[in-house]
Amino acid sequence: MKILGTAPSVIDLAEDRDLFRAMMEKLEIPMPESGMAVDVDEAIAIAKEIGYPVMVRPSYVLGGRGMEVVYDDESLADYMKAAVGVTPDRPILIDRFLKHALECEADAISDGTHAFVPAVMEHIELAGIHSGDSACIIPSVHISEENVRTIEEYTKKIAEEMHVKGLMNMQYAIENGKVYVLEANPRASRTVPLVSKVCNIRMVPLATDIITSEITGRPSPVPSLKEQDIPYYGVKEAVFPFNMFQEVDPILGPEMRSTGEVLGLSPSYGEAFYKAQEATQTRLPLEGTVLISVNRKDKPEAVEIAKGFAEDGFKILATGSTYDLLTANGIPAEKVKKLYEGRPNILDMITNGTIDLIVNIPAGKESVHDDSYLRKAAIKAKIPYMTTMAAARVTAKGIKYVKEHGNGEIKSLQELHGEIRDRE
């Protein structure tokens with residue numbers, strides 16, 4: 001049985017969800033406010049109690065299929081009316097959407113009594129992007145030491161309470177400095193190979209030893225595992241099939257769309273991200289022209305990111321109010337037209353090969369105009385593009401590091417592992 005918070009289960013989900021929430025209350029571990037509904041009126045009542053925006057999803061699917069963030073009664077009513085197969089045993093799940101929250105996860109090895117967490121993995125994209133699609137950093141960079149310890153403590157408590165034997169994956173979100181548990185999966189996760197490589201820990205053989213201990217008589221390896229200081233970073237990046245489906249908007253969301261993943265390693269997480277992008281066959285430019293077009297709520301962050309690109313020698317193109325904001329803050333930029341503003345416009349420039357990198361943060365529900373054409377054009381022209389401010393920020397950081405340090409020293413995985421030290 002899969003026990004969870006906001007993740008779906010294929011069996012007895014309503015019962016499992018109540019059980020999991022009761023367990024979290026017992027352990028004094030916070031979860032986002034949530035509810036379950038089978039009709040429109042019930043869903044709207046729950047959403048109003050929780051507060052918009054809310055994350056909604058069917059209870060009988062996996063991989064985030066059918067999951068959406070909704071912002072008002074009208075959208076929620078449309079979602080409920082379109083839902084198929086909703087019954088009291090298979091309700092729609094409604095959770096408070098954690099705003100501007102940092103998402104992270106932890107894999108653990110547990111023997112049923114004790115658990116060990118090799119590292120906490122930080123998602124580059126904020127909460128709302130499926131964990132399989134988000135780029136991730138191991139070990140974490142921006143999570144405070146206090147929150148890292150909290151995540152490790154929560155993971156161990158849950159593993160021990162559930163008497164997990166083998167591997168386990170926990171997912172969390174941090175909102176305003178508070179750690180919330182999102183889901184607990186008492187099984188191996190797709191992140192196990194990544195954590196094993198970065199942390200030099202053979203998670204699968206260790207878990208196998210635990211699972212087969214009654215047959216082999218071997219003692220549990222968990223008590224002998226030690227916390228380690230890892231002097232480099234691993235960045236996982238997802239691989240997407242958008243080049244094969246060029247009319248599909250490549251914007252990311254809660255529904256998983258990736259078909260693979262790669263890993264970059266470096267003493268700098270910026271360079272590790274740069275390497276990971278290169279491994280996905282998306283080589284980031286070290287010079288040229290960057291287009292910046294962001295929504296209203298992300299404009300304050302756009303100044304910092306544009307400044308980084310300008311310092312690295314990039315020519316900056318910007319649209320409308322983004323251009324006004326950048327120039328008002330002393331950042332040189334050239335104003336360009338969107339598709340509906342006449343010609344020559346962004347699409348013309350992409351087609352003519354004028355643009356080398358695109359930072360396009362969509363406006364979402366409040367937007368009057370659809371700018372998916374921009375992202376689709378980037379796919380067709382094979383231009384690197386970023387659709388979240390977090391990804392844009394680490395992109396600028398990675399380009400800056402590579403420009404200043406070159407490709408750096410190339411080390412084998414064994415050499416990197418030799419630099420890991422046990423924490424005192």
# chains A, B, ... in the order shown; residues from 1 in each chain; ligands from 1
$ residues_around --residues "stretch 235-241 of chain A" --least-positions-apart "3" --cutoff "7 Å" --atoms "only C-alpha atoms" --output "compact mmCIF listing (two decimals) with N, CA, C and O atoms, in the first residue's frame"
# COMPACT_ATOMS: atom_id res chain seq x y z
N ASP A 133 9.85 16.34 -13.45
CA ASP A 133 10.18 17.31 -14.48
C ASP A 133 11.12 18.41 -13.97
O ASP A 133 11.71 19.14 -14.76
N SER A 134 11.22 18.55 -12.66
CA SER A 134 12.03 19.62 -12.09
C SER A 134 13.51 19.27 -12.11
O SER A 134 13.89 18.13 -11.87
N ALA A 135 14.35 20.26 -12.41
CA ALA A 135 15.78 20.09 -12.22
C ALA A 135 16.05 20.10 -10.71
O ALA A 135 15.36 20.79 -9.95
N CYS A 136 17.04 19.33 -10.26
CA CYS A 136 17.30 19.19 -8.82
C CYS A 136 18.78 19.29 -8.52
O CYS A 136 19.62 18.93 -9.36
N ILE A 137 19.10 19.77 -7.32
CA ILE A 137 20.49 19.90 -6.87
C ILE A 137 20.71 18.98 -5.67
O ILE A 137 19.93 18.99 -4.71
N ILE A 138 21.79 18.18 -5.72
CA ILE A 138 22.18 17.32 -4.60
C ILE A 138 23.64 17.62 -4.26
O ILE A 138 24.49 17.56 -5.14
N MET A 244 9.93 16.33 -30.63
CA MET A 244 9.14 15.42 -31.44
C MET A 244 7.68 15.87 -31.56
O MET A 244 6.94 15.37 -32.39
N PHE A 245 7.27 16.81 -30.70
CA PHE A 245 5.89 17.29 -30.68
C PHE A 245 5.92 18.82 -30.66
O PHE A 245 5.60 19.45 -29.66
N ARG A 257 5.87 15.22 -17.71
CA ARG A 257 6.01 15.17 -19.15
C ARG A 257 7.39 14.67 -19.60
O ARG A 257 7.62 14.46 -20.78
N SER A 258 8.31 14.51 -18.68
CA SER A 258 9.67 14.10 -19.05
C SER A 258 9.73 12.62 -19.40
O SER A 258 8.91 11.82 -18.95
N THR A 259 10.75 12.26 -20.20
CA THR A 259 10.93 10.87 -20.62
C THR A 259 12.31 10.34 -20.24
O THR A 259 12.67 9.23 -20.61
N GLY A 260 13.08 11.11 -19.51
CA GLY A 260 14.41 10.66 -19.08
C GLY A 260 15.06 11.72 -18.23
O GLY A 260 14.45 12.75 -17.92
N GLU A 261 16.32 11.49 -17.86
CA GLU A 261 17.03 12.47 -17.04
C GLU A 261 18.53 12.26 -17.17
O GLU A 261 19.00 11.18 -17.55
N VAL A 262 19.29 13.33 -16.88
CA VAL A 262 20.74 13.31 -16.95
C VAL A 262 21.30 13.92 -15.67
O VAL A 262 20.56 14.51 -14.87
N LEU A 263 22.62 13.79 -15.49
CA LEU A 263 23.26 14.29 -14.27
C LEU A 263 24.54 15.03 -14.63
O LEU A 263 25.37 14.53 -15.40
N GLY A 264 24.69 16.24 -14.07
CA GLY A 264 25.93 17.00 -14.20
C GLY A 264 26.59 17.15 -12.85
O GLY A 264 25.90 17.33 -11.84
N LEU A 265 27.92 17.07 -12.79
CA LEU A 265 28.66 17.14 -11.53
C LEU A 265 29.72 18.24 -11.60
O LEU A 265 30.43 18.36 -12.61
N TYR A 269 27.38 24.54 -8.44
CA TYR A 269 26.09 24.02 -8.89
C TYR A 269 25.65 24.70 -10.18
O TYR A 269 24.90 24.14 -10.97
N ALA A 272 27.40 22.67 -12.77
CA ALA A 272 26.73 21.37 -12.83
C ALA A 272 25.43 21.47 -13.63
O ALA A 272 25.10 20.57 -14.41
N PHE A 273 24.71 22.58 -13.45
CA PHE A 273 23.49 22.81 -14.23
C PHE A 273 23.83 22.98 -15.71
O PHE A 273 23.16 22.43 -16.59
N ALA A 276 24.54 19.65 -17.16
CA ALA A 276 23.32 18.86 -17.30
C ALA A 276 22.53 19.31 -18.53
O ALA A 276 21.99 18.49 -19.26
N GLN A 277 22.49 20.63 -18.76
CA GLN A 277 21.80 21.13 -19.96
C GLN A 277 22.49 20.61 -21.22
O GLN A 277 21.83 20.22 -22.19
N THR A 280 21.51 17.17 -22.09
CA THR A 280 20.18 17.03 -22.70
C THR A 280 20.19 17.52 -24.15
O THR A 280 19.13 17.62 -24.77
$ select_by_dssp --residues "stretch 46-254 of chain A" --states "strand (DSSP E or B)" --output "MDAnalysis selection string"
chainID A and resid 54:58 68:70 87 90 92:96 102:111 115:116 120:126 136:138 165:175 178:185 228:229 233:239
$ residues_around --residues "stretch 176-192 of chain A" --least-positions-apart "6" --cutoff "9 Å" --atoms "only C-alpha atoms" --output "PyMOL selection string"
chain A and resi 1-7+20+24+29-32+100-101+107+132+144+147+150-151+154-155+158-159+162+164-170+203-204+236
$ closest_residue --among "A:Ser213, A:Thr354, A:Asn200, A:Gln171" --to "A:Gly112" --atoms "only C-alpha atoms"
A:Ser213
$ closest_residue --among "A:Pro118, A:Gly398, A:Pro267, A:Gly320" --to "A:Ile346" --atoms "only C-alpha atoms"
A:Gly320
$ residues_around --residues "A:Tyr323" --least-positions-apart "5" --cutoff "12 Å" --atoms "only C-alpha atoms" --output "list in words"
Leu291, Ile292, Ser293, Val294, Asn295, Lys299, Ala302, Val303, Ala306, Ile316, Leu317, Ala318, Ala328, Asn329, Gly330, Ile331, Pro332, Ala333, Glu334, Lys335, Val336 and Lys337 of chain A
$ closest_residue --among "A:Ala391, A:Ile355, A:Gly253, A:Gly342" --to "A:Ile305" --atoms "only C-alpha atoms"
A:Ala391
$ residues_around --residues "A:Ala119" --least-positions-apart "4" --cutoff "12 Å" --atoms "only C-alpha atoms" --output "VMD selection string"
chain A and resid 104 to 109 137 to 141 143 148 to 149 151 to 152 155 169 to 170 191 to 192 194 to 201 226 to 230 233 to 234
$ closest_residue --among "A:Ala381, A:Leu27, A:Met55, A:Ala310" --to "A:Thr282" --atoms "only C-alpha atoms"
A:Ala381
$ closest_residue --among "A:Glu415, A:Glu278, A:Asp41, A:Asp95" --to "A:Val69" --atoms "only C-alpha atoms"
A:Asp95
$ closest_residue --among "A:Lys307, A:Lys48, A:Arg90, A:Lys315" --to "A:Gly288" --atoms "only C-alpha atoms"
A:Lys315
$ select_by_dssp --residues "stretch 351-419 of chain A" --states "alpha helix (DSSP H)" --output "ChimeraX atom specification"
/A:351,372-381,389-405,413-417
$ atom_distance --atom1 "atom CA of A:Asp249" --atom2 "atom CA of A:Ile399"
25.7 Å
$ atom_distance --atom1 "atom CA of A:Arg96" --atom2 "atom CA of A:His163"
28.8 Å
$ atom_distance --atom1 "atom CA of A:Ile383" --atom2 "atom CA of A:Pro285"
9.4 Å
$ decode --residues "stretch 86-119 of chain A" --atoms "N, CA, C and O atoms" --output "short mmCIF file (atom, residue, chain, number, x, y, z; two decimals), in the first residue's frame"
data_model
loop_
_atom_site.label_atom_id
_atom_site.label_comp_id
_atom_site.auth_asym_id
_atom_site.auth_seq_id
_atom_site.Cartn_x
_atom_site.Cartn_y
_atom_site.Cartn_z
N VAL A 86 -15.51 9.84 -11.06
CA VAL A 86 -15.47 10.29 -9.66
C VAL A 86 -16.59 9.63 -8.88
O VAL A 86 -17.76 9.73 -9.25
N THR A 87 -16.23 8.96 -7.81
CA THR A 87 -17.19 8.31 -6.91
C THR A 87 -16.74 8.56 -5.48
O THR A 87 -15.62 9.04 -5.25
N PRO A 88 -17.57 8.23 -4.48
CA PRO A 88 -17.13 8.39 -3.09
C PRO A 88 -15.84 7.63 -2.79
O PRO A 88 -15.07 8.03 -1.91
N ASP A 89 -15.61 6.53 -3.51
CA ASP A 89 -14.38 5.77 -3.30
C ASP A 89 -13.22 6.30 -4.14
O ASP A 89 -12.07 5.93 -3.91
N ARG A 90 -13.54 7.17 -5.13
CA ARG A 90 -12.52 7.72 -6.01
C ARG A 90 -12.75 9.21 -6.16
O ARG A 90 -13.14 9.70 -7.21
N PRO A 91 -12.53 9.97 -5.08
CA PRO A 91 -12.85 11.40 -5.09
C PRO A 91 -11.77 12.23 -5.79
O PRO A 91 -10.69 11.74 -6.14
N ILE A 92 -12.08 13.51 -5.97
CA ILE A 92 -11.09 14.49 -6.41
C ILE A 92 -10.38 15.02 -5.16
O ILE A 92 -11.03 15.36 -4.17
N LEU A 93 -9.05 15.08 -5.22
CA LEU A 93 -8.27 15.58 -4.09
C LEU A 93 -8.04 17.08 -4.26
O LEU A 93 -7.70 17.54 -5.34
N ILE A 94 -8.21 17.81 -3.19
CA ILE A 94 -8.04 19.26 -3.21
C ILE A 94 -7.08 19.65 -2.09
O ILE A 94 -7.31 19.34 -0.92
N ASP A 95 -5.97 20.30 -2.46
CA ASP A 95 -4.96 20.70 -1.48
C ASP A 95 -4.65 22.18 -1.63
O ASP A 95 -4.68 22.72 -2.75
N ARG A 96 -4.33 22.83 -0.54
CA ARG A 96 -3.87 24.22 -0.62
C ARG A 96 -2.57 24.26 -1.41
O ARG A 96 -1.65 23.49 -1.15
N PHE A 97 -2.53 25.14 -2.40
CA PHE A 97 -1.31 25.29 -3.19
C PHE A 97 -0.32 26.15 -2.41
O PHE A 97 -0.63 27.28 -2.04
N LEU A 98 0.85 25.61 -2.15
CA LEU A 98 1.87 26.33 -1.39
C LEU A 98 2.52 27.37 -2.31
O LEU A 98 3.20 27.02 -3.27
N LYS A 99 2.32 28.64 -2.00
CA LYS A 99 2.76 29.72 -2.88
C LYS A 99 4.26 29.99 -2.71
O LYS A 99 4.77 30.09 -1.60
N HIS A 100 4.93 30.11 -3.85
CA HIS A 100 6.35 30.44 -3.88
C HIS A 100 7.15 29.55 -2.92
O HIS A 100 8.03 30.02 -2.19
N ALA A 101 6.80 28.28 -2.91
CA ALA A 101 7.43 27.33 -1.99
C ALA A 101 8.57 26.58 -2.67
O ALA A 101 8.48 26.24 -3.85
N LEU A 102 9.62 26.33 -1.92
CA LEU A 102 10.75 25.55 -2.39
C LEU A 102 10.45 24.08 -2.17
O LEU A 102 10.18 23.66 -1.04
N GLU A 103 10.46 23.29 -3.24
CA GLU A 103 10.16 21.87 -3.10
C GLU A 103 11.46 21.08 -2.98
O GLU A 103 12.48 21.44 -3.57
N CYS A 104 11.42 20.00 -2.24
CA CYS A 104 12.61 19.18 -2.04
C CYS A 104 12.18 17.76 -1.70
O CYS A 104 11.01 17.50 -1.43
N GLU A 105 13.14 16.85 -1.74
CA GLU A 105 12.82 15.47 -1.41
C GLU A 105 14.02 14.78 -0.78
O GLU A 105 15.16 15.26 -0.86
N ALA A 106 13.75 13.66 -0.14
CA ALA A 106 14.80 12.90 0.53
C ALA A 106 14.55 11.41 0.32
O ALA A 106 13.44 10.93 0.54
N ASP A 107 15.57 10.71 -0.14
CA ASP A 107 15.52 9.25 -0.21
C ASP A 107 16.14 8.71 1.07
O ASP A 107 17.11 9.27 1.60
N ALA A 108 15.60 7.61 1.55
CA ALA A 108 16.09 7.04 2.80
C ALA A 108 16.24 5.53 2.68
O ALA A 108 15.57 4.88 1.86
N ILE A 109 17.15 4.99 3.48
CA ILE A 109 17.30 3.54 3.63
C ILE A 109 16.87 3.22 5.05
O ILE A 109 17.37 3.81 6.02
N SER A 110 15.92 2.31 5.19
CA SER A 110 15.36 2.02 6.50
C SER A 110 15.35 0.51 6.76
O SER A 110 15.12 -0.28 5.85
N ASP A 111 15.61 0.14 8.02
CA ASP A 111 15.55 -1.27 8.40
C ASP A 111 14.31 -1.59 9.24
O ASP A 111 14.21 -2.64 9.86
N GLY A 112 13.38 -0.62 9.28
CA GLY A 112 12.16 -0.81 10.06
C GLY A 112 12.24 -0.21 11.44
O GLY A 112 11.23 0.05 12.08
N THR A 113 13.46 0.01 11.92
CA THR A 113 13.67 0.58 13.24
C THR A 113 14.44 1.89 13.17
O THR A 113 14.16 2.84 13.89
N HIS A 114 15.42 1.92 12.26
CA HIS A 114 16.23 3.12 12.05
C HIS A 114 16.29 3.44 10.56
O HIS A 114 16.15 2.54 9.73
N ALA A 115 16.52 4.72 10.26
CA ALA A 115 16.60 5.14 8.85
C ALA A 115 17.78 6.07 8.66
O ALA A 115 18.20 6.78 9.58
N PHE A 116 18.31 6.07 7.44
CA PHE A 116 19.45 6.92 7.09
C PHE A 116 19.12 7.71 5.84
O PHE A 116 18.60 7.16 4.86
N VAL A 117 19.40 9.02 5.87
CA VAL A 117 19.15 9.91 4.73
C VAL A 117 20.49 10.38 4.18
O VAL A 117 21.18 11.17 4.84
N PRO A 118 20.90 9.93 2.98
CA PRO A 118 22.20 10.34 2.43
C PRO A 118 22.30 11.84 2.14
O PRO A 118 23.35 12.45 2.38
N ALA A 119 21.25 12.44 1.61
CA ALA A 119 21.27 13.87 1.27
C ALA A 119 19.86 14.35 0.99
O ALA A 119 18.98 13.56 0.65
#
